[in-house]
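Presented below is the structure to which this report refers.
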Amino acid sequence: MHAVVMHRLGDLEYKIVPTPHPGTGEVLVRIHATTVNRADLERRSGRWAVGSREPTILGLDLAGEIVEIGEAVQDWQIGERIVAAFGEFDPIHQGTYAEFIALPIRYLHRIPADLDYIRAASAGLAFCTAWSALFYKGGLQSKAERVVIWAAASGVGTSALQIAHWYGATTIAVASPSKVEALRSLGASIVIDPQEENLVSLVMEATDGLGATLVLNLVGQHSLQSSVNMLSIGGRIVCAGCLSGDWATINTLDLIQKQGSISGALHTIPDQDFNQILHLLAVRTFQSAISLVLPLHYVQVAHDLVAAQATFGKVILVPTWIEQLSAY
């Protein structure tokens, strides 16, 4: 099969490698679409060391079809369409920048009939991370919530924006002015330029002076103190990304006076929630914010665009054996 292999940190090579075989409790999946996530770039640079090994195949989510069943697999059939997301680099199983992957069945979710492979792939890490951050870490409970989303034009950001809007919250997106119309179409009540010197004041104005009850911080270093400053009393900050850097300094007294909290989130969510996300995508309550669809061997271009934050939503990679993308 064709795959993108990282032999050493930073290097990617599109080459032919052996097609894997499913082990006990596994299925072999023909990959129709995978996505580029910031975690792929962090793993490539060495900043993300979970499951570290070389050579390796990057990629953390996919949509595809089952083509072979391993031993002791029940309730799954050849030909079934599935989506899967891992959330971390598995030290045993390779990633999704390939034509095939052998996967344990615990990762599998069935794709609804009205959802195509490319849109299904977008449900993986982005929507699951956003769902986990908002509900399980952020405790999103009430339609009276006032939610600020940093890097709102990113894959996780566009997903979180839609989830919070669907739940009835007031949504404040922090993103480039060039993304205003697109973000409003996904449910943003207001869009604020991250370069605004009075950004916190604009958030307070948009919330009638009350502040944000929940801040989803995907930026890290350059935005954490501002996130504290814009909190309401008892507000929560959830960190699910660090686009501007890992390390951040805050005024602890400010956080104490706000009676606020800061927590971190990864993608893991219960199966029923993942299936609900897929359903909401299938009925188009949620939209797949897809910036670009590229052949798998254009992976370097995809990484460069994501690294430059030059995309809106997700970049999708498809193996070259897929001849037509016109259906999408």
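Just so we're on the same page: first chain in the structure tokens is A, next is B, and so on; residues restart at 1 for each chain, and ligands are numbered from 1 in the order they show up.
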Could I get the residues of range 289-325 of chain A with an atom no further than 7 Å from an atom of range 152-174 of chain A, each paired with its nearest atom pair and that distance in Å to one decimal, using only C-alpha atoms, sorted by chain and residue number, as a tab-separated table?
residue	atom	partner	partner_atom	distance
A:Ala289	CA	A:Thr158	CA	6.7
A:Phe312	CA	A:Ala153	CA	5.2
A:Gly313	CA	A:Gly155	CA	4.1
A:Lys314	CA	A:Gly155	CA	5.0
Contact residues around range 281-284 of chain A with only C-alpha atoms at 7 Å, ignoring same-chain residues under 6 positions, as number ranges by chain = A: 112, 114-115
Taking N, CA and C atoms for each residue, export the selection above as a tab-separated table (two decimals), in the first residue's frame.
chain	number	residue	atom	x	y	z
A	112	PRO	N	-23.46	6.92	9.38
A	112	PRO	CA	-24.85	6.94	8.93
A	112	PRO	C	-24.95	6.96	7.41
A	114	ASP	N	-26.57	8.72	5.31
A	114	ASP	CA	-26.60	10.01	4.63
A	114	ASP	C	-25.32	10.82	4.81
A	115	LEU	N	-24.25	10.18	5.29
A	115	LEU	CA	-23.01	10.89	5.53
A	115	LEU	C	-21.90	10.29	4.67
What are the closest atom pairs, with distances in Å to one decimal, for each residue of range 212-248 of chain A lying within 12 Å of range 119-127 of chain A, using only C-alpha atoms, rows by chain and rising residue number, as a Markdown table?
| residue | atom | partner | partner_atom | distance |
| --- | --- | --- | --- | --- |
| A:Leu218 | CA | A:Ala126 | CA | 11.7 |
| A:Ala240 | CA | A:Ala126 | CA | 10.4 |
| A:Gly241 | CA | A:Ala126 | CA | 11.2 |
Mind the document's chain letters and residue numbers, and return as an NGL selection string the residues of range 96-312 of chain A that DSSP labels strand (DSSP E).
-> :A and (100-104 or 109-110 or 146-150 or 170-174 or 190-192 or 212-217 or 231-239 or 261-264 or 290-295)
Keeping C-alpha atoms, export the residues of the selection given above as a PDB file, in the first residue's frame.
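This went into result-v3.pdb:
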ATOM      1  CA  PHE A 100      -5.119   0.717   4.775  1.00  0.00           C
ATOM      2  CA  ILE A 101      -4.974   0.351   8.545  1.00  0.00           C
ATOM      3  CA  ALA A 102      -5.552  -2.543  10.948  1.00  0.00           C
ATOM      4  CA  LEU A 103      -7.664  -1.325  13.853  1.00  0.00           C
ATOM      5  CA  PRO A 104      -9.005  -2.784  17.111  1.00  0.00           C
ATOM      6  CA  HIS A 109     -18.204   3.766  14.748  1.00  0.00           C
ATOM      7  CA  ARG A 110     -20.673   3.170  11.920  1.00  0.00           C
ATOM      8  CA  ARG A 146     -21.566  32.720  27.399  1.00  0.00           C
ATOM      9  CA  VAL A 147     -18.836  30.856  25.523  1.00  0.00           C
ATOM     10  CA  VAL A 148     -15.655  32.367  24.071  1.00  0.00           C
ATOM     11  CA  ILE A 149     -13.781  30.236  21.531  1.00  0.00           C
ATOM     12  CA  TRP A 150     -10.203  31.153  20.646  1.00  0.00           C
ATOM     13  CA  THR A 170     -24.115  32.793  23.302  1.00  0.00           C
ATOM     14  CA  THR A 171     -20.996  32.218  21.214  1.00  0.00           C
ATOM     15  CA  ILE A 172     -18.119  34.648  20.857  1.00  0.00           C
ATOM     16  CA  ALA A 173     -15.531  33.652  18.264  1.00  0.00           C
ATOM     17  CA  VAL A 174     -11.970  34.972  18.375  1.00  0.00           C
ATOM     18  CA  ILE A 190     -19.953  37.956  17.409  1.00  0.00           C
ATOM     19  CA  VAL A 191     -16.442  37.627  15.958  1.00  0.00           C
ATOM     20  CA  ILE A 192     -13.521  39.475  17.561  1.00  0.00           C
ATOM     21  CA  ALA A 212     -17.592  34.597  29.782  1.00  0.00           C
ATOM     22  CA  THR A 213     -18.849  31.631  31.753  1.00  0.00           C
ATOM     23  CA  LEU A 214     -16.683  29.305  29.630  1.00  0.00           C
ATOM     24  CA  VAL A 215     -13.568  29.996  27.563  1.00  0.00           C
ATOM     25  CA  LEU A 216     -12.245  27.371  25.156  1.00  0.00           C
ATOM     26  CA  ASN A 217      -8.569  28.218  24.753  1.00  0.00           C
ATOM     27  CA  LEU A 231     -14.064  35.330  32.870  1.00  0.00           C
ATOM     28  CA  SER A 232     -17.245  35.836  34.822  1.00  0.00           C
ATOM     29  CA  ILE A 233     -17.257  34.997  38.515  1.00  0.00           C
ATOM     30  CA  GLY A 234     -16.969  31.218  38.685  1.00  0.00           C
ATOM     31  CA  GLY A 235     -16.039  30.966  35.017  1.00  0.00           C
ATOM     32  CA  ARG A 236     -14.098  28.073  33.530  1.00  0.00           C
ATOM     33  CA  ILE A 237     -11.203  27.925  31.077  1.00  0.00           C
ATOM     34  CA  VAL A 238     -10.595  24.719  29.131  1.00  0.00           C
ATOM     35  CA  CYS A 239      -7.311  24.378  27.252  1.00  0.00           C
ATOM     36  CA  SER A 261     -10.778  27.231  37.045  1.00  0.00           C
ATOM     37  CA  ILE A 262      -8.445  25.999  34.307  1.00  0.00           C
ATOM     38  CA  SER A 263      -8.420  22.442  32.950  1.00  0.00           C
ATOM     39  CA  GLY A 264      -7.117  20.539  29.943  1.00  0.00           C
ATOM     40  CA  ILE A 290     -13.622  21.659   5.291  1.00  0.00           C
ATOM     41  CA  SER A 291     -11.014  24.015   3.906  1.00  0.00           C
ATOM     42  CA  LEU A 292      -9.387  21.728   1.367  1.00  0.00           C
ATOM     43  CA  VAL A 293      -9.364  18.142   0.093  1.00  0.00           C
ATOM     44  CA  LEU A 294      -5.964  16.939  -1.140  1.00  0.00           C
ATOM     45  CA  PRO A 295      -4.434  13.666  -2.352  1.00  0.00           C
TER      46      PRO A 295
END
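Using only C-alpha atoms, the smallest distance between any of A:Cys128, A:Leu266, A:Ile105, A:Leu41 and Leu9 in chain A comes from A:Leu41.
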Find the residue from A:Ala133, A:Leu253, A:Ala39, A:Ala206 that sits nearest to Val228 in chain A; use only C-alpha atoms when measuring.
->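 Among the listed residues, the smallest separation from Val228 in chain A belongs to A:Leu253.
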Taking only range 147-213 of chain A into account, list the residues labelled helix (DSSP H, G or I) by DSSP (computed from the backbone), as a compact mmCIF listing (two decimals) with N, CA and C atoms, in the first residue's frame.
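Once everything was written out, this is states.txt:
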# COMPACT_ATOMS: atom_id res chain seq x y z
N GLY A 155 -10.04 23.60 13.13
CA GLY A 155 -10.92 22.43 13.10
C GLY A 155 -11.69 22.26 14.40
N VAL A 156 -10.99 22.31 15.53
CA VAL A 156 -11.67 22.20 16.83
C VAL A 156 -12.53 23.42 17.08
N GLY A 157 -12.04 24.60 16.68
CA GLY A 157 -12.80 25.82 16.90
C GLY A 157 -14.13 25.84 16.17
N THR A 158 -14.14 25.49 14.87
CA THR A 158 -15.40 25.48 14.12
C THR A 158 -16.35 24.42 14.67
N SER A 159 -15.80 23.32 15.15
CA SER A 159 -16.64 22.27 15.75
C SER A 159 -17.25 22.75 17.06
N ALA A 160 -16.42 23.35 17.92
CA ALA A 160 -16.90 23.84 19.21
C ALA A 160 -17.94 24.94 19.03
N LEU A 161 -17.72 25.80 18.07
CA LEU A 161 -18.67 26.88 17.80
C LEU A 161 -20.05 26.31 17.47
N GLN A 162 -20.09 25.30 16.62
CA GLN A 162 -21.38 24.70 16.25
C GLN A 162 -22.04 23.98 17.42
N ILE A 163 -21.24 23.28 18.21
CA ILE A 163 -21.79 22.56 19.35
C ILE A 163 -22.40 23.54 20.36
N ALA A 164 -21.64 24.59 20.69
CA ALA A 164 -22.13 25.56 21.67
C ALA A 164 -23.39 26.28 21.17
N HIS A 165 -23.40 26.63 19.89
CA HIS A 165 -24.59 27.28 19.31
C HIS A 165 -25.78 26.33 19.31
N TRP A 166 -25.57 25.09 18.94
CA TRP A 166 -26.63 24.07 18.95
C TRP A 166 -27.21 23.91 20.36
N PRO A 177 -10.62 38.72 11.06
CA PRO A 177 -11.80 39.37 10.47
C PRO A 177 -12.19 38.77 9.12
N SER A 178 -11.24 38.17 8.41
CA SER A 178 -11.55 37.58 7.12
C SER A 178 -12.47 36.37 7.25
N LYS A 179 -12.62 35.84 8.45
CA LYS A 179 -13.44 34.64 8.68
C LYS A 179 -14.82 34.96 9.25
N VAL A 180 -15.18 36.26 9.34
CA VAL A 180 -16.40 36.66 10.03
C VAL A 180 -17.64 36.00 9.44
N GLU A 181 -17.83 36.11 8.13
CA GLU A 181 -19.05 35.58 7.52
C GLU A 181 -19.15 34.07 7.70
N ALA A 182 -18.04 33.38 7.48
CA ALA A 182 -18.06 31.92 7.63
C ALA A 182 -18.37 31.52 9.06
N LEU A 183 -17.80 32.23 10.03
CA LEU A 183 -18.05 31.89 11.44
C LEU A 183 -19.49 32.22 11.84
N ARG A 184 -20.02 33.30 11.34
CA ARG A 184 -21.42 33.62 11.64
C ARG A 184 -22.36 32.56 11.07
N SER A 185 -22.00 32.00 9.93
CA SER A 185 -22.84 30.96 9.33
C SER A 185 -22.86 29.69 10.17
N LEU A 199 -9.48 43.54 23.35
CA LEU A 199 -10.23 42.30 23.15
C LEU A 199 -11.07 41.95 24.37
N VAL A 200 -10.48 42.03 25.55
CA VAL A 200 -11.22 41.67 26.76
C VAL A 200 -12.41 42.61 26.95
N SER A 201 -12.22 43.88 26.69
CA SER A 201 -13.33 44.84 26.82
C SER A 201 -14.46 44.52 25.85
N LEU A 202 -14.10 44.09 24.65
CA LEU A 202 -15.12 43.73 23.66
C LEU A 202 -15.90 42.50 24.10
N VAL A 203 -15.22 41.53 24.73
CA VAL A 203 -15.93 40.37 25.26
C VAL A 203 -16.87 40.80 26.37
N MET A 204 -16.40 41.67 27.26
CA MET A 204 -17.26 42.14 28.36
C MET A 204 -18.47 42.90 27.80
N GLU A 205 -18.25 43.69 26.77
CA GLU A 205 -19.36 44.42 26.14
C GLU A 205 -20.36 43.45 25.52
N ALA A 206 -19.85 42.41 24.86
CA ALA A 206 -20.73 41.44 24.21
C ALA A 206 -21.53 40.61 25.21
Atom-to-atom span, CA of Ala98 in chain A and CA of Leu317 in chain A, Å |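 Answer for the CA of Ala98 in chain A to CA of Leu317 in chain A separation: 9.6 Å.
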So how many Å separate CA of Ile57 in chain A and CA of Pro18 in chain A, to one decimal?
-> 12.3 Å
Among the residues A:Ala188, A:Val318, A:Val83, A:Ala302, the one that comes closest to Val36 in chain A [using only C-alpha atoms] =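 Among A:Ala188, A:Val318, A:Val83, A:Ala302, it is A:Ala302 that comes nearest to Val36 in chain A.
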What's around Ala33 in chain A at 8 Å? Count only C-alpha atoms, leave out sequence neighbours fewer than 4 positions away in its own chain, and write the answer as an mmCIF file with C-alpha atoms, in the first residue's frame.
data_model
loop_
_atom_site.group_PDB
_atom_site.id
_atom_site.type_symbol
_atom_site.label_atom_id
_atom_site.label_comp_id
_atom_site.auth_asym_id
_atom_site.auth_seq_id
_atom_site.Cartn_x
_atom_site.Cartn_y
_atom_site.Cartn_z
ATOM 1 C CA LEU A 62 -10.220 8.322 9.375
ATOM 2 C CA ALA A 63 -13.301 7.304 7.494
ATOM 3 C CA GLY A 64 -13.261 4.086 5.482
ATOM 4 C CA TYR A 117 -16.639 9.568 3.831
ATOM 5 C CA ILE A 118 -15.097 13.025 3.588
ATOM 6 C CA ALA A 121 -13.727 12.056 8.575
ATOM 7 C CA ILE A 316 -8.728 16.311 4.351
ATOM 8 C CA LEU A 317 -6.279 13.863 2.780
ATOM 9 C CA VAL A 318 -7.478 11.090 0.476
ATOM 10 C CA PRO A 319 -5.437 8.130 -0.828
#
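Residues in contact range of Thr24 in chain A, defined as at most 8 Å between only C-alpha atoms, with sequence neighbours fewer than 3 positions away removed, read Gly70, Glu71, Ala72 and Val73 of chain A.
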Can you work out the spacing between CA of Gly59 in chain A and CA of Thr285 in chain A in Å, to one decimal?
->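 These atoms are spaced 26.7 Å apart.
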Excluding same-chain residues fewer than 4 positions from Arg8 in chain A, what lies within 10 Å of it counting only C-alpha atoms, as a VMD selection string?
-> chain A and resid 12 44 to 46 53 to 56
Requested write-out: C-alpha atoms of the selected residues, as a compact mmCIF listing (two decimals), in the first residue's frame:
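Dumped to again_25.txt:
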# COMPACT_ATOMS: atom_id res chain seq x y z
CA LEU A 12 7.84 12.65 5.57
CA ARG A 44 6.33 15.35 13.59
CA SER A 45 8.33 18.06 15.38
CA GLY A 46 8.93 15.93 18.47
CA ARG A 53 8.77 5.75 17.62
CA GLU A 54 10.31 5.96 14.17
CA PRO A 55 9.61 5.01 11.50
CA THR A 56 5.96 5.80 11.96
Near Ile269 in chain A, counting only C-alpha atoms, which residues have an atom at most 8 Å away, once you skip same-chain residues fewer than 5 positions from it, shown as a PyMOL selection string?
-> chain A and resi 128+131-132+274
Could you give me, as a VMD selection string, the residues within 10 Å of Tyr107 in chain A, counting only C-alpha atoms and dropping anything in the same chain fewer than 3 positions from it?
-> chain A and resid 26 61 82 to 86 103 to 104 271
Using only N, CA and C atoms, please write the residues we just selected to a file, as a PDB file, in the first residue's frame.
ATOM      1  N   GLU A  26      -9.320  -7.340  15.573  1.00  0.00           N
ATOM      2  CA  GLU A  26      -9.085  -6.207  14.689  1.00  0.00           C
ATOM      3  C   GLU A  26      -9.774  -6.397  13.343  1.00  0.00           C
ATOM      4  N   ASP A  61      -7.245  10.139  12.706  1.00  0.00           N
ATOM      5  CA  ASP A  61      -8.660   9.827  12.476  1.00  0.00           C
ATOM      6  C   ASP A  61      -8.875   9.479  11.009  1.00  0.00           C
ATOM      7  N   ILE A  82     -17.057   2.872   8.246  1.00  0.00           N
ATOM      8  CA  ILE A  82     -16.755   3.220   9.635  1.00  0.00           C
ATOM      9  C   ILE A  82     -15.955   4.526   9.703  1.00  0.00           C
ATOM     10  N   VAL A  83     -15.991   5.134  10.884  1.00  0.00           N
ATOM     11  CA  VAL A  83     -15.147   6.262  11.218  1.00  0.00           C
ATOM     12  C   VAL A  83     -14.469   5.930  12.538  1.00  0.00           C
ATOM     13  N   ALA A  84     -13.245   6.426  12.715  1.00  0.00           N
ATOM     14  CA  ALA A  84     -12.498   6.149  13.936  1.00  0.00           C
ATOM     15  C   ALA A  84     -11.598   7.335  14.247  1.00  0.00           C
ATOM     16  N   ALA A  85     -11.362   7.554  15.535  1.00  0.00           N
ATOM     17  CA  ALA A  85     -10.436   8.593  15.999  1.00  0.00           C
ATOM     18  C   ALA A  85      -9.709   8.072  17.220  1.00  0.00           C
ATOM     19  N   PHE A  86      -8.420   8.380  17.299  1.00  0.00           N
ATOM     20  CA  PHE A  86      -7.592   7.779  18.347  1.00  0.00           C
ATOM     21  C   PHE A  86      -7.290   8.735  19.490  1.00  0.00           C
ATOM     22  N   LEU A 103      -7.171  -2.028  12.673  1.00  0.00           N
ATOM     23  CA  LEU A 103      -7.664  -1.325  13.853  1.00  0.00           C
ATOM     24  C   LEU A 103      -8.372  -2.261  14.819  1.00  0.00           C
ATOM     25  N   PRO A 104      -8.167  -2.098  16.126  1.00  0.00           N
ATOM     26  CA  PRO A 104      -9.005  -2.784  17.111  1.00  0.00           C
ATOM     27  C   PRO A 104     -10.450  -2.279  16.994  1.00  0.00           C
ATOM     28  N   ASP A 271     -19.126   6.422  23.436  1.00  0.00           N
ATOM     29  CA  ASP A 271     -19.581   6.017  22.105  1.00  0.00           C
ATOM     30  C   ASP A 271     -20.883   6.692  21.709  1.00  0.00           C
TER      31      ASP A 271
END
